[in-house]
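Worksheet for the structure shown next.
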Amino acid sequence: MSVLARLAEVAGIEPFYHDIWGNRRDTSPETMRALLAAMGLRAGTEEEAAASLTALEGRGWRRLLPPVLVLAEDEAPVIPVSVPAAAAGTLTWNLTEEGGGLRCESVPLPSLPVLESGTSGGAAYVRRGLTLPLVPPLGYHRLEVTVSDGAVGAEMVLILTPRRCLTPDEVVPGGRTWGVALQLYGLRGHTDWGIGDFDDLARFGETAGRLGAGLVGLNPLHALFPADPHHFGPYSPSSRSFLNALYIDVEAVPDLAESEDAQALIAEPGFQERLAAVRGAELVDYPAVSALKMTVLEALHRSFRARHLAGEGSPRGRDFRAFQAAMGEGLFRHALFDALHEHFFRQDSSLWAWQSWPEPFRRPDSAEVAAFAAGHAERVEFFTYLQWEADRQLGVAAARAKAAGLAVGFYRDLAVAGSPGGAAAWAQPGVLVRGASVGAPPDQFNMKGQNWGLAPFSPVGLRDAAYAPFAAMVRANMRHAGALRIDHVMALEHLFWIPDEGDGAYVRYPFQDMVRIIALESRRQGCIVIGEDLGTVPEGFRPAMAAAGVLSYRVVYFERTADGGYVAPQDYPAQSMAVVSTHDLPTFRGFWTGHDLEIRRALDLYPSAEAAGKDAWDRGVDRWRLLLALGEQGLKPARYVSDDGAQPFSRELAEAVHRYLGRTAGRIVMMQIEDALGEIEQPNLPGTTDQHPNWRRRLSVAVEDLESDGGLQAMAAAVRSGRGERGGG
C-alpha cells in the first residue's frame with residue numbers, strides 16, 4: 001500500500017465502492033489528495049503524504065486521553081490512557097458527572113494493564129487501560145486524568161448511552177400507528193400570510209389527532225437565510241440546529257397586542273393589499289412573505305425590548321433571557337451570523353457566502369466579529385428573538401396536537417447536511433469541511449451522480465469536538481417532536497464526498513458512536529427515530545440500524561420482489577415506516593397518470609427519447625403490477641375489471657393503495673397530504689431548480705376546511721382500516 005493510500009485509509013477515505021449496479025469503482029489518487037486537502041491534510045507529494053501520516057498516526061499516541069469515548073450502558077468503562085513506555089508514578093482521575101456528582105481515585109500507573117503499544121517520533125508509547133470502578137449513569141460526563149511523573153494532565157468527554165432508541169412499542173398501544181406527512185409551507189389558512197405557519201400546523205395537528213392519526217410528518221424546519229428569502233430549499237439550510245423564522249405566525253406573537261406601531265403597519269391599505277396578494281397566491285412567494293413578516297416582527301421586537309427588557313424586565317423578558325442562557329453560545333453565534341449575513345449581503349449581493357466576506361469576519365472568534373456584535377447588539381438580539389418566538393410557537397402547536405389525540409406527535413425531518421455558506425459552517429470551523437461537498441454516486445435515477453452542494457461533517461473534527469455539535473443538532477431536532485426522520489441515514493456510516501475538483505469517494509464516519517448518541521437523545525427526548533435508507537445501502541447497515549432501534553424507511557413504489565412485483569404488506573419489515581410516496585417522488589395521482597414523466601419530458605430532463613420511452617413503458621408495467629398486488633389482497637376496486645395498467649386514475653384506486661399501505665407490517669405508515677387531497681403535482685422535482693416551482697406549492701384546501709374534506713376523511717379511513725387488518729407487526 002502506498003503512503004498516500006495508507007494516509008487516506010487512516011483519514012477514513014474508502015479505497016473503493018460498489019455502485020448500485022454492482023460495479024467496483026476505485027478511488028483515484030487525485031480524489032484522495034483532494035479529499036485529504038479538504039480535511040486539512042497535505043498530500044500533494046509523497047513527502048507531504050508521509051509527513052501527514054506520521055503526524056496523524058502519532059497524534060493518538062501523544063494524547064494522554066482521546067477527546068471522547070462513547071460506551072453503551074452495559075459496557076465496562078475502560079479508559080485508554082497513552083503514556084511513554086517508561087512512564088511510572090501515580091495516575092489520578094476525576095470524573096465529573098453530568099448531574100454534578102464527583103468521583104476521584106489514584107492508582108499506580110504501572111498497575112494498569114497495557115492494551116497496545118506503538119511509537120511516535122521515534123519514542124515508544126503504551127496505551128494502558130484505566131477501568132473505572134463504577135459505571136456512570138447515562139449522559140455526558142467529564143473525565144480528567146493527571147500523571148505525577150511529569151505532571152501530565154488531560155481531560156475527555158465520557159458518554160454513556162443506551163443501546164437502542166425509543167421504539168413505537170413503548171409509545172403507542174400495540175406499537176402500530178399511522179400519520180399524515182406534509183410540507184408546512186404548503187398549508188393554506190383563511191388568515192395566513194402567504195405561507196403555512198405554526199398556528200396552521202397546530203390546527204392541522206388537531207385535525208389529524210381527531211381523525212385517529214398518531215403523527216404529523218413535517219419537512220425540515222431548519223433555519224434558512226433571513227436576509228435572502230430567495231434561498232428557501234429546506235434541505236439546504238443555513239443551520240440544522242435552529243428554526244425557519246418565516247413559519248412564525250405574526251398574529252400569534254404576544255407582543256402584537258402591545259405594539260400600536262405594528263398594528264398600524266398591518267392596518268395600512270398598501271400592506272393589506274400585499275397581504276391579500278400573497279394569501280391568494282397559488283405558490284409561496286418567499287420574498288414577498290418575508291418582506292411582510294419581517295417588517296412587523298421588527299416592530300414587535302422593538303416593543304418587546306421597551307416593555308419587557310428595560311429596567312428590571314418582566315416575566316416575559318425573563319423567559320427570553322432564560323431561553324438565551326439555555327441555548328448558549330450556539331444560539332448567539334447563529335443570531336450573530338444572521339446579522340453579519342444581512343450586513344454584508346445588503347451592501348453587495350456578491351458577499352452572500354461568508355467565504356467572500358472580509359477575512360477577519362470569516363472566523364467567529366475574531367476581534368472584528370466581537371466588535372461587530374457589540375456595535376450591533378440590538379440586531380443580533382432581534383434574530384435571537386425570532387428563534388425564541390419560533391420555538392415557543394412550535395411548542396404550542398405540538399401541545400395542541402397532542403391534546404387533540406396525536407399520540408406520538410410531530411415527526412421532524414433532519415436534512416443530511418447544511419449549506420457551506422451558512423451559519424453552521426461559519427460558526428463551527430474545523431467541524432464542517434471546506435473544499436468538498438456531499439452528494440451521491442451514480443444510480444438509476446441520476447446516471448451522472450448528484451452533487452448536493454452541502455458541507456459534510458469532518459469525522460476528525462467531530463471527535464475533536466467530542467461530538468458536541470452533532471449531539472446538539474440531534475437534540476434540537478427532537479425538540480417538540482415525538483419522532484425524527486434522518487434523511488440519508490447512511491451518512492452515519494459513510495458519506496459520498498465530492499471535492500471541488502475531481503470525482504467523489506466515500507468517507508467513513510464513527511458509526512457506532514453516532515448511533516449511540518442518537519439513542520441517548522432519543523430516550524431523553526422521548527423520540528422515535530426513522531432512518532431514510534433509500535439508495536445505495538451498505539451491506540449490514542440495515543441490521544445494525546434495526547439493532548439500534550432505528551426504523552427503516554420503505555416506499556411502496558420501490559418495495560419489489562425478485563421478479564419485479566410489489567412486496568406483499570405482510571412481508572414488510574416490522575421495524576419500519578412505510579409510505580406510498582415522498583416529497584421527491586410523484587404523488588399517487590401523478591404516478592398513475594404519468595404526469596411526472598410528462599413534466600420531465602417538457603423540461604428536457606431526459607438524456608434521450610429512448611430513455612423517456614423506457615420510463616413510460618416501465619410505468620405501464622408498474623401500474624399493471626400494482627393492480628395485481630391489490631388483487632392478491634382483495635383490494636382492487638370493482639371498477640378495475642382487469643389488471644390492465646392503462647385504466648384511468650380514480651379516488652377509489654388511491655384509497656385501495658392506501659389501505660394496502662395500512663396493512664403493511666411496519667410499525668408506522670404515513671400518507672402524504674397531497675395524496676389525500678388528490679393533488680397531482682409533487683412538492684419537489686429532483687434535478688430541477690428554477691425550471692420547476694420546487695418547495696413552493698400550496699395545498700388546494702384551507703386548513704380550516706380539512707377536517708370536513710371528504711378526500712382526507714376517506715383516505716384516513718382507508719389507512720385506518722388497513723392498520724386494523726393484517727399487518728404482521
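As shown in the C-alpha cells, the chain order sets the letters A, B, ...; within each chain, residues go from 1, and ligands are also counted from 1 in the order they appear.
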
Once DSSP has gone over the backbone, tell me which residues of range 535-727 of chain A are in alpha helix (DSSP H), as a ChimeraX atom specification. /A:541-547,588-593,595-602,609-632,651-663,673-676,710-723

Who sits within 8 Å of range 26-43 of chain A, only C-alpha atoms, same chain under 2 positions skipped, as number ranges by chain: A: 4-5, 8, 11, 13-17, 24, 45-50, 52, 433-436, 458, 497-505

Could you write those residues out with C-alpha atoms, as a compact mmCIF listing (two decimals), in the first residue's frame?
# COMPACT_ATOMS: atom_id res chain seq x y z
CA LEU A 4 -0.95 8.12 0.06
CA ALA A 5 -3.33 5.15 0.23
CA ALA A 8 -6.35 8.06 3.01
CA ALA A 11 -8.29 9.55 7.41
CA ILE A 13 -11.41 7.68 2.79
CA GLU A 14 -12.64 4.37 1.43
CA PRO A 15 -10.43 2.88 -1.32
CA PHE A 16 -13.39 1.78 -3.46
CA TYR A 17 -17.13 1.28 -3.50
CA ARG A 24 -16.44 -1.61 -8.41
CA THR A 45 3.59 14.82 -2.87
CA GLU A 46 4.73 11.52 -1.35
CA GLU A 47 6.85 13.50 1.13
CA GLU A 48 3.86 15.59 2.22
CA ALA A 49 1.70 12.49 2.50
CA ALA A 50 4.34 10.76 4.63
CA SER A 52 0.83 13.98 7.29
CA VAL A 433 -15.49 20.52 5.86
CA ARG A 434 -14.40 23.13 3.35
CA GLY A 435 -13.36 22.10 -0.15
CA ALA A 436 -15.74 19.16 -0.59
CA SER A 458 -15.44 16.25 9.36
CA TRP A 497 -17.80 13.43 -0.68
CA ILE A 498 -17.15 15.26 -3.93
CA PRO A 499 -14.08 17.52 -3.95
CA ASP A 500 -14.21 20.89 -5.64
CA GLU A 501 -12.09 19.33 -8.36
CA GLY A 502 -12.37 15.63 -9.22
CA ASP A 503 -14.55 12.60 -8.70
CA GLY A 504 -16.19 11.57 -5.45
CA ALA A 505 -15.48 8.85 -2.89

Just want the 10 Å neighbourhood of Ala403 in chain A, counted on only C-alpha atoms, with same-chain residues fewer than 6 positions away dropped. Output as a ChimeraX atom specification. /A:205-206,209-210,397,409

Counting only C-alpha atoms, the option among A:Glu342, A:Asp348, A:Asp604, A:Asp487 closest to Ala417 in chain A: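 The closest residue to Ala417 in chain A is A:Asp487.
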
What is the distance between CA of Gly724 in chain A and CA of Leu661 in chain A, in Å to one decimal? 11.6 Å

Which residues in range 388-587 of chain A does DSSP call strand (DSSP E or B)? List them as an NGL selection string. :A and (409-414 or 418 or 429 or 432 or 436-440 or 450-455 or 457 or 483-486 or 494-499 or 505-508 or 528-531 or 551-555 or 560 or 566 or 576-579)

Pick from A:Ala227, A:Asn451, A:Glu312, A:Pro420 nearest to Ser356 in chain A, counting only C-alpha atoms: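 Comparing A:Ala227, A:Asn451, A:Glu312, A:Pro420 against Ser356 in chain A, the winner is A:Pro420.
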
Residues within 9 Å of Asp643 in chain A, please, as number ranges by chain. Count only C-alpha atoms; anything in the same chain fewer than 2 positions from it doesn't count. A: 623-628, 631, 640-641, 645-647

From the list A:Arg240, A:Arg560, A:Leu71, A:Glu273, which residue is nearest Ala425 in chain A when using only C-alpha atoms?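 Ranked by minimum distance to Ala425 in chain A, first place goes to A:Arg240.
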
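Coordinates place CA of Leu677 in chain A at a distance of 26.5 Å from CA of Glu632 in chain A.
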
Do a neighbour search on Ala717 in chain A at 9 Å with only C-alpha atoms, toss out local chain neighbours closer than 3 positions, and write the hits as number ranges by chain. A: 211, 655, 659, 712-714, 720-722

Can you pull out every residue within 7 Å of Ala223 in chain A, counting only C-alpha atoms, but drop anything in the same chain fewer than 6 positions away, and send it as a ChimeraX atom specification? /A:237-240,242-244

Contacts of Met715 in chain A at 12 Å (only C-alpha atoms; same-chain gap of 6+ positions) as a PyMOL selection string: chain A and resi 178-180+208+211-213+651-662+670-678+707+709+721-722

Which value, in Å to one decimal, gives the distance between CA of Trp426 in chain A and CA of Leu246 in chain A?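 One can read the CA of Trp426 in chain A to CA of Leu246 in chain A distance as 21.8 Å.
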